file protein.pdb (PDB, C-alpha atoms)
ATOM      1  CA  MET A  12       3.222-192.233 -66.801
ATOM      2  CA  PRO A  13       4.109-190.100 -63.765
ATOM      3  CA  GLU A  14       4.466-186.332 -63.766
ATOM      4  CA  THR A  15       7.872-184.817 -64.340
ATOM      5  CA  ALA A  16      10.453-184.647 -61.578
ATOM      6  CA  GLU A  17      10.273-180.873 -61.558
ATOM      7  CA  ALA A  18       6.599-180.972 -60.543
ATOM      8  CA  THR A  19       7.170-183.415 -57.689
ATOM      9  CA  THR A  20       7.774-182.046 -54.200
ATOM     10  CA  ALA A  21       9.739-183.623 -51.386
ATOM     11  CA  ALA A  22       6.568-183.904 -49.316
ATOM     12  CA  ARG A  23       5.068-186.264 -51.901
ATOM     13  CA  MET A  24       8.249-188.049 -52.964
ATOM     14  CA  THR A  25       7.741-191.658 -51.970
ATOM     15  CA  GLY A  26       9.995-194.493 -53.034
ATOM     16  CA  ALA A  27       7.350-195.808 -55.417
ATOM     17  CA  ARG A  28       6.903-192.395 -57.045
ATOM     18  CA  LEU A  29      10.638-191.939 -57.429
ATOM     19  CA  ALA A  30      10.884-195.413 -58.962
ATOM     20  CA  ASP A  31       8.335-194.387 -61.614
ATOM     21  CA  LEU A  32      10.226-191.188 -62.371
ATOM     22  CA  LEU A  33      13.536-193.008 -62.741
ATOM     23  CA  GLU A  34      11.946-195.684 -64.891
ATOM     24  CA  GLU A  35      10.586-192.982 -67.160
ATOM     25  CA  GLU A  36      14.067-191.476 -67.517
ATOM     26  CA  ILE A  37      15.418-194.909 -68.440
ATOM     27  CA  VAL A  38      12.801-195.630 -71.080
ATOM     28  CA  ILE A  39      13.175-192.244 -72.803
ATOM     29  CA  GLY A  40      16.950-192.595 -72.893
ATOM     30  CA  VAL A  41      17.886-189.959 -70.312
ATOM     31  CA  ARG A  42      19.672-192.691 -68.376
ATOM     32  CA  PHE A  43      21.618-195.369 -70.199
ATOM     33  CA  PRO A  44      22.370-199.050 -69.651
ATOM     34  CA  ARG A  45      25.311-199.489 -67.246
ATOM     35  CA  GLU A  46      24.860-195.963 -65.842
ATOM     36  CA  ARG A  47      25.440-195.889 -62.092
ATOM     37  CA  LEU A  48      22.567-194.569 -59.979
ATOM     38  CA  VAL A  49      24.227-192.654 -57.146
ATOM     39  CA  GLU A  50      22.098-192.135 -54.052
ATOM     40  CA  ASP A  51      23.403-188.649 -53.254
ATOM     41  CA  GLU A  52      22.857-187.472 -56.830
ATOM     42  CA  LEU A  53      19.307-188.812 -56.847
ATOM     43  CA  MET A  54      18.559-187.211 -53.485
ATOM     44  CA  ALA A  55      19.675-183.829 -54.804
ATOM     45  CA  ARG A  56      17.974-184.115 -58.198
ATOM     46  CA  PHE A  57      14.599-185.203 -56.857
ATOM     47  CA  ASP A  58      14.778-183.483 -53.448
ATOM     48  CA  ALA A  59      14.175-186.904 -51.883
ATOM     49  CA  LYS A  60      15.133-188.527 -48.611
ATOM     50  CA  ARG A  61      17.707-191.322 -48.623
ATOM     51  CA  HIS A  62      15.160-193.926 -47.546
ATOM     52  CA  ALA A  63      12.948-192.996 -50.513
ATOM     53  CA  VAL A  64      15.892-193.333 -52.908
ATOM     54  CA  ARG A  65      16.832-196.720 -51.524
ATOM     55  CA  GLN A  66      13.245-197.912 -51.710
ATOM     56  CA  ALA A  67      13.025-196.700 -55.323
ATOM     57  CA  LEU A  68      16.140-198.628 -56.289
ATOM     58  CA  GLN A  69      14.746-201.749 -54.652
ATOM     59  CA  VAL A  70      11.485-201.346 -56.589
ATOM     60  CA  LEU A  71      13.354-200.903 -59.865
ATOM     61  CA  GLU A  72      15.480-203.950 -59.129
ATOM     62  CA  SER A  73      12.321-205.996 -58.558
ATOM     63  CA  ARG A  74      10.974-204.731 -61.893
ATOM     64  CA  GLY A  75      14.126-205.911 -63.642
ATOM     65  CA  VAL A  76      15.110-202.389 -64.702
ATOM     66  CA  VAL A  77      18.033-201.882 -62.292
ATOM     67  CA  GLU A  78      20.777-204.260 -61.180
ATOM     68  CA  ARG A  79      22.827-204.110 -58.013
ATOM     69  CA  ARG A  80      26.501-205.081 -58.001
ATOM     70  CA  PRO A  81      28.384-206.065 -54.841
ATOM     71  CA  ASN A  82      30.497-203.195 -53.506
ATOM     72  CA  ALA A  83      29.608-201.081 -56.547
ATOM     73  CA  GLY A  84      26.012-199.920 -56.137
ATOM     74  CA  ALA A  85      22.994-199.777 -58.416
ATOM     75  CA  PHE A  86      23.133-199.469 -62.213
ATOM     76  CA  VAL A  87      20.658-199.214 -65.058
ATOM     77  CA  ARG A  88      20.416-202.775 -66.231
ATOM     78  CA  SER A  89      22.488-203.764 -69.249
ATOM     79  CA  PHE A  90      22.193-206.905 -71.341
ATOM     80  CA  THR A  91      24.511-209.240 -73.185
ATOM     81  CA  ALA A  92      23.604-210.191 -76.747
ATOM     82  CA  LYS A  93      22.392-213.587 -75.549
ATOM     83  CA  GLU A  94      20.231-212.022 -72.828
ATOM     84  CA  VAL A  95      18.618-209.744 -75.413
ATOM     85  CA  ARG A  96      17.877-212.613 -77.781
ATOM     86  CA  ASP A  97      16.508-214.768 -74.980
ATOM     87  CA  LEU A  98      14.277-211.977 -73.687
ATOM     88  CA  TYR A  99      12.875-211.249 -77.124
ATOM     89  CA  VAL A 100      12.159-214.908 -77.812
ATOM     90  CA  LEU A 101      10.049-214.845 -74.655
ATOM     91  CA  ARG A 102       8.340-211.578 -75.560
ATOM     92  CA  ASP A 103       7.549-212.973 -79.001
ATOM     93  CA  LEU A 104       5.947-216.071 -77.482
ATOM     94  CA  LEU A 105       3.841-214.034 -75.077
ATOM     95  CA  GLU A 106       2.725-211.208 -77.346
ATOM     96  CA  VAL A 107       2.037-213.250 -80.458
ATOM     97  CA  ARG A 108       0.056-215.739 -78.387
ATOM     98  CA  ALA A 109      -1.996-212.892 -76.914
ATOM     99  CA  ALA A 110      -2.743-211.663 -80.427
ATOM    100  CA  GLU A 111      -3.846-215.160 -81.435
ATOM    101  CA  LEU A 112      -6.270-215.353 -78.499
ATOM    102  CA  ILE A 113      -8.203-212.213 -79.447
ATOM    103  CA  GLU A 114     -11.748-213.105 -80.474
ATOM    104  CA  PHE A 115     -13.284-211.566 -83.574
ATOM    105  CA  PRO A 116     -15.215-209.471 -84.181
ATOM    106  CA  VAL A 117     -13.703-207.113 -81.625
ATOM    107  CA  ASP A 118     -16.117-205.041 -79.562
ATOM    108  CA  PRO A 119     -16.401-201.696 -81.448
ATOM    109  CA  ALA A 120     -16.112-199.698 -78.217
ATOM    110  CA  ARG A 121     -12.859-201.430 -77.255
ATOM    111  CA  LEU A 122     -11.534-201.017 -80.779
ATOM    112  CA  GLU A 123     -12.283-197.288 -80.714
ATOM    113  CA  ASP A 124     -10.607-197.044 -77.312
ATOM    114  CA  LEU A 125      -7.492-198.612 -78.820
ATOM    115  CA  ALA A 126      -7.661-196.276 -81.818
ATOM    116  CA  GLY A 127      -7.856-193.331 -79.410
ATOM    117  CA  ALA A 128      -4.626-194.463 -77.763
ATOM    118  CA  GLN A 129      -2.979-194.547 -81.163
ATOM    119  CA  ARG A 130      -4.182-191.050 -81.987
ATOM    120  CA  ARG A 131      -2.537-189.871 -78.776
ATOM    121  CA  HIS A 132       0.635-191.675 -79.803
ATOM    122  CA  ASP A 133       0.563-189.985 -83.216
ATOM    123  CA  ALA A 134       0.062-186.571 -81.626
ATOM    124  CA  ALA A 135       2.952-187.131 -79.220
ATOM    125  CA  VAL A 136       5.258-188.122 -82.078
ATOM    126  CA  GLU A 137       4.241-185.025 -84.051
ATOM    127  CA  ALA A 138       4.880-182.863 -80.981
ATOM    128  CA  ASN A 139       8.315-184.474 -80.485
ATOM    129  CA  ASP A 140       7.421-185.251 -76.872
ATOM    130  CA  PRO A 141       9.307-188.440 -75.829
ATOM    131  CA  ARG A 142       7.531-188.774 -72.491
ATOM    132  CA  ALA A 143       4.116-188.548 -74.111
ATOM    133  CA  VAL A 144       5.231-190.972 -76.850
ATOM    134  CA  VAL A 145       6.228-193.552 -74.248
ATOM    135  CA  THR A 146       3.003-193.050 -72.275
ATOM    136  CA  ALA A 147       0.789-193.429 -75.337
ATOM    137  CA  ASN A 148       2.771-196.385 -76.654
ATOM    138  CA  MET A 149       2.405-198.233 -73.359
ATOM    139  CA  GLU A 150      -1.305-197.416 -73.287
ATOM    140  CA  PHE A 151      -1.752-198.731 -76.839
ATOM    141  CA  HIS A 152      -0.079-202.049 -76.076
ATOM    142  CA  ARG A 153      -1.894-202.534 -72.778
ATOM    143  CA  LYS A 154      -5.234-202.015 -74.503
ATOM    144  CA  LEU A 155      -4.231-204.214 -77.444
ATOM    145  CA  PHE A 156      -3.182-207.219 -75.407
ATOM    146  CA  ALA A 157      -6.068-206.739 -72.973
ATOM    147  CA  LEU A 158      -8.267-207.822 -75.895
ATOM    148  CA  SER A 159      -6.980-211.351 -75.264
ATOM    149  CA  ASP A 160      -8.989-211.301 -71.998
ATOM    150  CA  ASN A 161      -6.250-213.322 -70.295
ATOM    151  CA  GLU A 162      -5.071-211.542 -67.167
ATOM    152  CA  ALA A 163      -2.176-213.932 -66.435
ATOM    153  CA  LEU A 164      -0.832-213.456 -69.952
ATOM    154  CA  MET A 165      -1.250-209.687 -69.676
ATOM    155  CA  GLU A 166       0.699-209.646 -66.426
ATOM    156  CA  ALA A 167       3.571-211.575 -68.010
ATOM    157  CA  ILE A 168       3.600-209.340 -71.101
ATOM    158  CA  ASN A 169       3.743-206.205 -68.964
ATOM    159  CA  ARG A 170       6.466-207.681 -66.768
ATOM    160  CA  TYR A 171       8.844-208.468 -69.619
ATOM    161  CA  ALA A 172       8.037-205.321 -71.581
ATOM    162  CA  ARG A 173       9.155-203.432 -68.480
ATOM    163  CA  VAL A 174      12.378-205.447 -68.250
ATOM    164  CA  ALA A 175      13.077-204.395 -71.843
ATOM    165  CA  HIS A 176      12.803-200.651 -71.072
ATOM    166  CA  ALA A 177      16.559-200.064 -71.272
ATOM    167  CA  ILE A 178      16.703-201.988 -74.551
ATOM    168  CA  ARG A 179      13.864-200.020 -76.125
ATOM    169  CA  SER A 180      15.388-196.708 -75.049
ATOM    170  CA  VAL A 181      17.864-197.061 -77.925
ATOM    171  CA  THR A 182      15.070-196.423 -80.465
ATOM    172  CA  VAL A 183      12.623-194.242 -78.528
ATOM    173  CA  THR A 184      13.907-190.976 -80.054
ATOM    174  CA  SER A 185      14.679-192.373 -83.511
ATOM    175  CA  THR A 186      12.545-190.720 -86.190
ATOM    176  CA  GLU A 187      12.682-193.800 -88.386
ATOM    177  CA  SER A 188      11.755-196.129 -85.518
ATOM    178  CA  LEU A 189       8.824-193.936 -84.531
ATOM    179  CA  ARG A 190       7.610-193.801 -88.133
ATOM    180  CA  LEU A 191       7.745-197.585 -88.356
ATOM    181  CA  SER A 192       6.027-197.971 -84.990
ATOM    182  CA  ARG A 193       3.131-195.764 -86.094
ATOM    183  CA  HIS A 194       2.794-197.732 -89.308
ATOM    184  CA  GLU A 195       2.745-201.061 -87.487
ATOM    185  CA  HIS A 196       0.199-199.824 -84.952
ATOM    186  CA  GLY A 197      -1.979-198.869 -87.899
ATOM    187  CA  ARG A 198      -1.617-202.345 -89.372
ATOM    188  CA  MET A 199      -2.618-203.895 -86.052
ATOM    189  CA  LEU A 200      -5.751-201.750 -85.991
ATOM    190  CA  ASP A 201      -6.542-202.700 -89.594
ATOM    191  CA  ALA A 202      -6.091-206.389 -88.764
ATOM    192  CA  LEU A 203      -8.461-206.061 -85.812
ATOM    193  CA  ARG A 204     -11.078-204.274 -87.909
ATOM    194  CA  GLU A 205     -10.809-206.855 -90.690
ATOM    195  CA  GLY A 206     -10.614-209.872 -88.387
ATOM    196  CA  ASP A 207      -7.257-210.860 -89.889
ATOM    197  CA  ARG A 208      -5.594-212.916 -87.171
ATOM    198  CA  ASP A 209      -2.541-213.817 -89.262
ATOM    199  CA  LEU A 210      -1.802-210.178 -90.080
ATOM    200  CA  LEU A 211      -2.210-209.199 -86.454
ATOM    201  CA  ALA A 212       0.139-211.915 -85.194
ATOM    202  CA  SER A 213       2.798-211.275 -87.836
ATOM    203  CA  THR A 214       2.718-207.513 -87.201
ATOM    204  CA  CYS A 215       3.058-208.021 -83.442
ATOM    205  CA  ARG A 216       6.078-210.232 -84.117
ATOM    206  CA  ALA A 217       7.681-207.736 -86.514
ATOM    207  CA  HIS A 218       7.023-204.903 -84.042
ATOM    208  CA  LEU A 219       9.522-206.386 -81.581
ATOM    209  CA  ILE A 220      12.433-206.599 -83.997
ATOM    210  CA  PRO A 221      13.692-202.976 -84.372
ATOM    211  CA  SER A 222      14.470-202.358 -80.686
ATOM    212  CA  ARG A 223      16.028-205.800 -80.329
ATOM    213  CA  ASP A 224      18.272-205.360 -83.342
ATOM    214  CA  ALA A 225      19.249-201.777 -82.463
ATOM    215  CA  TYR A 226      20.437-202.903 -79.039
ATOM    216  CA  LEU A 227      22.278-205.896 -80.502
ATOM    217  CA  GLU A 228      24.033-203.543 -82.910
ATOM    218  CA  ARG A 229      25.041-201.331 -80.000
ATOM    219  CA  VAL A 230      26.428-204.354 -78.141
ATOM    220  CA  SER A 231      28.451-205.411 -81.182
ATOM    221  CA  LEU A 232      29.918-201.922 -81.607
ATOM    222  CA  THR A 233      30.666-201.097 -77.998
ATOM    223  CA  GLY A 234      30.921-204.468 -76.294
ATOM    224  CA  ALA A 235      28.467-203.077 -73.698
TER     225      ALA A 235
END
call {"tool": "encode", "arguments": {"input": "protein.pdb", "output": "structure tokens"}}
result
Amino acid sequence: MPETAEATTAARMTGARLADLLEEEIVIGVRFPRERLVEDELMARFDAKRHAVRQALQVLESRGVVERRPNAGAFVRSFTAKEVRDLYVLRDLLEVRAAELIEFPVDPARLEDLAGAQRRHDAAVEANDPRAVVTANMEFHRKLFALSDNEALMEAINRYARVAHAIRSVTVTSTESLRLSRHEHGRMLDALREGDRDLLASTCRAHLIPSRDAYLERVSLTGA
């Protein structure tokens, strides 16, 4: 993940860099679904030029993280209950299929690399560092699904995981959700070590449910 906004200078603030910084704020819950992204506010906060802000918003729109509304501006993307369910059906299909394609036994070096990502995730959770948690979590899943050795599938998984950033932000600071996530990552590693394809696939499927259901609960309570 990118460095913090405070460490970024105007001289280096490109639209792409600003897009990464804003995306990070969305995924860690600093910015919420339906929140308006005001150009002047972003220019002041990140000491960025207007063209960089506009480029960043265009990049985030292309990533599916931001939505533009006619005569209203740009907003952190929000989802209806149906959109959430539809998205998570797709993510289930992609991620479970990737798990099923992994060949056993897994290369020990790649397995240790994955375990290292999980150790970094554990350390970030213990340090109560949301940015580091998100970074390590993304690293873990990239390395996990890369074991499928299917680049087209990996690209699709990464695309729709990114679209779900605003949905997952609901649970990113939840102690219970983080505890469960660590446990499920451990089960995935165990399944890979033991060559248990069924356990791996079922754990990948279960891993998607908490963020989906937390967002659906929010929609039902707020109508957002």
call {"tool": "residues_around", "arguments": {"input": "protein.pdb", "residues": "Ala177 of chain A", "least_positions_apart": "5", "cutoff": "12 Å", "atoms": "all atoms listed in the file", "output": "PyMOL selection string"}}
result
chain A and resi 33-46+71+74-78+86-90+95+171-172+182-183+222-223+225-226
call {"tool": "write_last_selection", "arguments": {"input": "protein.pdb", "atoms": "C-alpha atoms", "output": "PDB file, in the frame of the given file"}}
result
ATOM      1  CA  LEU A  33      13.536-193.008 -62.741  1.00  0.00           C
ATOM      2  CA  GLU A  34      11.946-195.684 -64.891  1.00  0.00           C
ATOM      3  CA  GLU A  35      10.586-192.982 -67.160  1.00  0.00           C
ATOM      4  CA  GLU A  36      14.067-191.476 -67.517  1.00  0.00           C
ATOM      5  CA  ILE A  37      15.418-194.909 -68.440  1.00  0.00           C
ATOM      6  CA  VAL A  38      12.801-195.630 -71.080  1.00  0.00           C
ATOM      7  CA  ILE A  39      13.175-192.244 -72.803  1.00  0.00           C
ATOM      8  CA  GLY A  40      16.950-192.595 -72.893  1.00  0.00           C
ATOM      9  CA  VAL A  41      17.886-189.959 -70.312  1.00  0.00           C
ATOM     10  CA  ARG A  42      19.672-192.691 -68.376  1.00  0.00           C
ATOM     11  CA  PHE A  43      21.618-195.369 -70.199  1.00  0.00           C
ATOM     12  CA  PRO A  44      22.370-199.050 -69.651  1.00  0.00           C
ATOM     13  CA  ARG A  45      25.311-199.489 -67.246  1.00  0.00           C
ATOM     14  CA  GLU A  46      24.860-195.963 -65.842  1.00  0.00           C
ATOM     15  CA  LEU A  71      13.354-200.903 -59.865  1.00  0.00           C
ATOM     16  CA  ARG A  74      10.974-204.731 -61.893  1.00  0.00           C
ATOM     17  CA  GLY A  75      14.126-205.911 -63.642  1.00  0.00           C
ATOM     18  CA  VAL A  76      15.110-202.389 -64.702  1.00  0.00           C
ATOM     19  CA  VAL A  77      18.033-201.882 -62.292  1.00  0.00           C
ATOM     20  CA  GLU A  78      20.777-204.260 -61.180  1.00  0.00           C
ATOM     21  CA  PHE A  86      23.133-199.469 -62.213  1.00  0.00           C
ATOM     22  CA  VAL A  87      20.658-199.214 -65.058  1.00  0.00           C
ATOM     23  CA  ARG A  88      20.416-202.775 -66.231  1.00  0.00           C
ATOM     24  CA  SER A  89      22.488-203.764 -69.249  1.00  0.00           C
ATOM     25  CA  PHE A  90      22.193-206.905 -71.341  1.00  0.00           C
ATOM     26  CA  VAL A  95      18.618-209.744 -75.413  1.00  0.00           C
ATOM     27  CA  TYR A 171       8.844-208.468 -69.619  1.00  0.00           C
ATOM     28  CA  ALA A 172       8.037-205.321 -71.581  1.00  0.00           C
ATOM     29  CA  THR A 182      15.070-196.423 -80.465  1.00  0.00           C
ATOM     30  CA  VAL A 183      12.623-194.242 -78.528  1.00  0.00           C
ATOM     31  CA  SER A 222      14.470-202.358 -80.686  1.00  0.00           C
ATOM     32  CA  ARG A 223      16.028-205.800 -80.329  1.00  0.00           C
ATOM     33  CA  ALA A 225      19.249-201.777 -82.463  1.00  0.00           C
ATOM     34  CA  TYR A 226      20.437-202.903 -79.039  1.00  0.00           C
TER      35      TYR A 226
END
call {"tool": "closest_residue", "arguments": {"input": "protein.pdb", "among": "A:Ala163, A:Ala30, A:Val230, A:Val49", "to": "Ser73 of chain A", "atoms": "all atoms listed in the file"}}
result
A:Ala30
call {"tool": "atom_distance", "arguments": {"input": "protein.pdb", "atom1": "atom CA of Val181 of chain A", "atom2": "atom CA of Leu232 of chain A"}}
result
13.5 Å
call {"tool": "residues_around", "arguments": {"input": "protein.pdb", "residues": "Asp160 of chain A", "least_positions_apart": "4", "cutoff": "12 Å", "atoms": "all atoms listed in the file", "output": "mmCIF file with C-alpha atoms, keeping the file's coordinate frame"}}
result
data_model
loop_
_atom_site.group_PDB
_atom_site.id
_atom_site.type_symbol
_atom_site.label_atom_id
_atom_site.label_comp_id
_atom_site.auth_asym_id
_atom_site.auth_seq_id
_atom_site.Cartn_x
_atom_site.Cartn_y
_atom_site.Cartn_z
ATOM 1 C CA ARG A 108 0.056 -215.739 -78.387
ATOM 2 C CA ALA A 109 -1.996 -212.892 -76.914
ATOM 3 C CA ALA A 110 -2.743 -211.663 -80.427
ATOM 4 C CA GLU A 111 -3.846 -215.160 -81.435
ATOM 5 C CA LEU A 112 -6.270 -215.353 -78.499
ATOM 6 C CA ILE A 113 -8.203 -212.213 -79.447
ATOM 7 C CA GLU A 114 -11.748 -213.105 -80.474
ATOM 8 C CA VAL A 117 -13.703 -207.113 -81.625
ATOM 9 C CA ARG A 121 -12.859 -201.430 -77.255
ATOM 10 C CA ARG A 153 -1.894 -202.534 -72.778
ATOM 11 C CA LYS A 154 -5.234 -202.015 -74.503
ATOM 12 C CA LEU A 155 -4.231 -204.214 -77.444
ATOM 13 C CA PHE A 156 -3.182 -207.219 -75.407
ATOM 14 C CA LEU A 164 -0.832 -213.456 -69.952
ATOM 15 C CA MET A 165 -1.250 -209.687 -69.676
ATOM 16 C CA GLU A 166 0.699 -209.646 -66.426
#
call {"tool": "resolve_selection", "arguments": {"input": "protein.pdb", "expression": "the PyMOL selection byres ((chain A and resi 104) around 12)", "output": "short mmCIF file (atom, residue, chain, number, x, y, z; two decimals) with C-alpha atoms, keeping the file's coordinate frame"}}
result
data_model
loop_
_atom_site.label_atom_id
_atom_site.label_comp_id
_atom_site.auth_asym_id
_atom_site.auth_seq_id
_atom_site.Cartn_x
_atom_site.Cartn_y
_atom_site.Cartn_z
CA ASP A 97 16.51 -214.77 -74.98
CA LEU A 98 14.28 -211.98 -73.69
CA TYR A 99 12.88 -211.25 -77.12
CA VAL A 100 12.16 -214.91 -77.81
CA LEU A 101 10.05 -214.84 -74.66
CA ARG A 102 8.34 -211.58 -75.56
CA ASP A 103 7.55 -212.97 -79.00
CA LEU A 105 3.84 -214.03 -75.08
CA GLU A 106 2.72 -211.21 -77.35
CA VAL A 107 2.04 -213.25 -80.46
CA ARG A 108 0.06 -215.74 -78.39
CA ALA A 109 -2.00 -212.89 -76.91
CA ALA A 110 -2.74 -211.66 -80.43
CA GLU A 111 -3.85 -215.16 -81.44
CA LEU A 164 -0.83 -213.46 -69.95
CA ALA A 167 3.57 -211.58 -68.01
CA ILE A 168 3.60 -209.34 -71.10
CA TYR A 171 8.84 -208.47 -69.62
CA ALA A 212 0.14 -211.92 -85.19
CA SER A 213 2.80 -211.28 -87.84
CA CYS A 215 3.06 -208.02 -83.44
CA ARG A 216 6.08 -210.23 -84.12
CA LEU A 219 9.52 -206.39 -81.58
#
call {"tool": "resolve_selection", "arguments": {"input": "protein.pdb", "expression": "the PyMOL selection byres ((chain A and resi 84) around 10)", "output": "NGL selection string"}}
result
:A and (47-50 or 68 or 78-83 or 85-86)
call {"tool": "resolve_selection", "arguments": {"input": "protein.pdb", "expression": "the PyMOL selection byres ((chain A and resi 148) around 12)", "output": "VMD selection string"}}
result
chain A and resid 12 38 to 39 125 to 136 141 to 147 149 to 155 172 179 183 189 192 to 193 195 to 196
call {"tool": "atom_distance", "arguments": {"input": "protein.pdb", "atom1": "atom CA of Leu200 of chain A", "atom2": "atom CA of Asp124 of chain A"}}
result
11.0 Å
call {"tool": "axis_aligned_box", "arguments": {"input": "protein.pdb", "around": "segment 72-78 of chain A", "padding_each_side": "4 Å", "output": "JSON"}}
result
{"center_x": 15.9, "center_y": -203.9, "center_z": -61.6, "size_x": 17.8, "size_y": 12.1, "size_z": 14.1}
call {"tool": "atom_distance", "arguments": {"input": "protein.pdb", "atom1": "atom CA of Ser188 of chain A", "atom2": "atom CA of Arg96 of chain A"}}
result
19.2 Å
call {"tool": "closest_residue", "arguments": {"input": "protein.pdb", "among": "A:Leu227, A:Ile178, A:Thr25, A:Gln69", "to": "Met54 of chain A", "atoms": "all atoms listed in the file"}}
result
A:Thr25
call {"tool": "build_atoms", "arguments": {"input": "protein.pdb", "residues": "segment 76-88 of chain A", "atoms": "N, CA, C and O atoms", "output": "compact mmCIF listing (two decimals), in the coordinates of the input"}}
result
# COMPACT_ATOMS: atom_id res chain seq x y z
N VAL A 76 14.61 -203.56 -63.98
CA VAL A 76 15.11 -202.39 -64.70
C VAL A 76 16.49 -201.97 -64.20
O VAL A 76 17.28 -201.38 -64.94
N VAL A 77 16.76 -202.25 -62.93
CA VAL A 77 18.03 -201.88 -62.29
C VAL A 77 18.69 -203.14 -61.76
O VAL A 77 18.01 -204.10 -61.37
N GLU A 78 20.03 -203.14 -61.75
CA GLU A 78 20.78 -204.26 -61.18
C GLU A 78 21.74 -203.72 -60.13
O GLU A 78 22.29 -202.63 -60.27
N ARG A 79 21.89 -204.48 -59.07
CA ARG A 79 22.83 -204.11 -58.01
C ARG A 79 24.07 -204.98 -58.12
O ARG A 79 23.97 -206.19 -58.37
N ARG A 80 25.23 -204.36 -57.94
CA ARG A 80 26.50 -205.08 -58.00
C ARG A 80 27.21 -204.98 -56.65
O ARG A 80 27.27 -203.87 -56.10
N PRO A 81 27.71 -206.08 -56.15
CA PRO A 81 28.38 -206.06 -54.84
C PRO A 81 29.49 -205.03 -54.79
O PRO A 81 30.33 -204.94 -55.70
N ASN A 82 29.46 -204.20 -53.75
CA ASN A 82 30.50 -203.20 -53.51
C ASN A 82 30.60 -202.14 -54.61
O ASN A 82 31.59 -201.42 -54.70
N ALA A 83 29.57 -202.06 -55.46
CA ALA A 83 29.61 -201.08 -56.55
C ALA A 83 28.37 -200.20 -56.58
O ALA A 83 28.43 -199.05 -57.00
N GLY A 84 27.23 -200.72 -56.15
CA GLY A 84 26.01 -199.92 -56.14
C GLY A 84 25.00 -200.39 -57.17
O GLY A 84 25.04 -201.52 -57.64
N ALA A 85 24.09 -199.47 -57.50
CA ALA A 85 22.99 -199.78 -58.42
C ALA A 85 23.28 -199.17 -59.79
O ALA A 85 23.80 -198.05 -59.89
N PHE A 86 22.90 -199.90 -60.84
CA PHE A 86 23.13 -199.47 -62.21
C PHE A 86 21.88 -199.74 -63.05
O PHE A 86 21.13 -200.68 -62.78
N VAL A 87 21.68 -198.89 -64.07
CA VAL A 87 20.66 -199.21 -65.06
C VAL A 87 21.04 -200.54 -65.69
O VAL A 87 22.20 -200.73 -66.07
N ARG A 88 20.10 -201.43 -65.78
CA ARG A 88 20.42 -202.78 -66.23
C ARG A 88 20.94 -202.78 -67.67
O ARG A 88 20.44 -202.06 -68.53
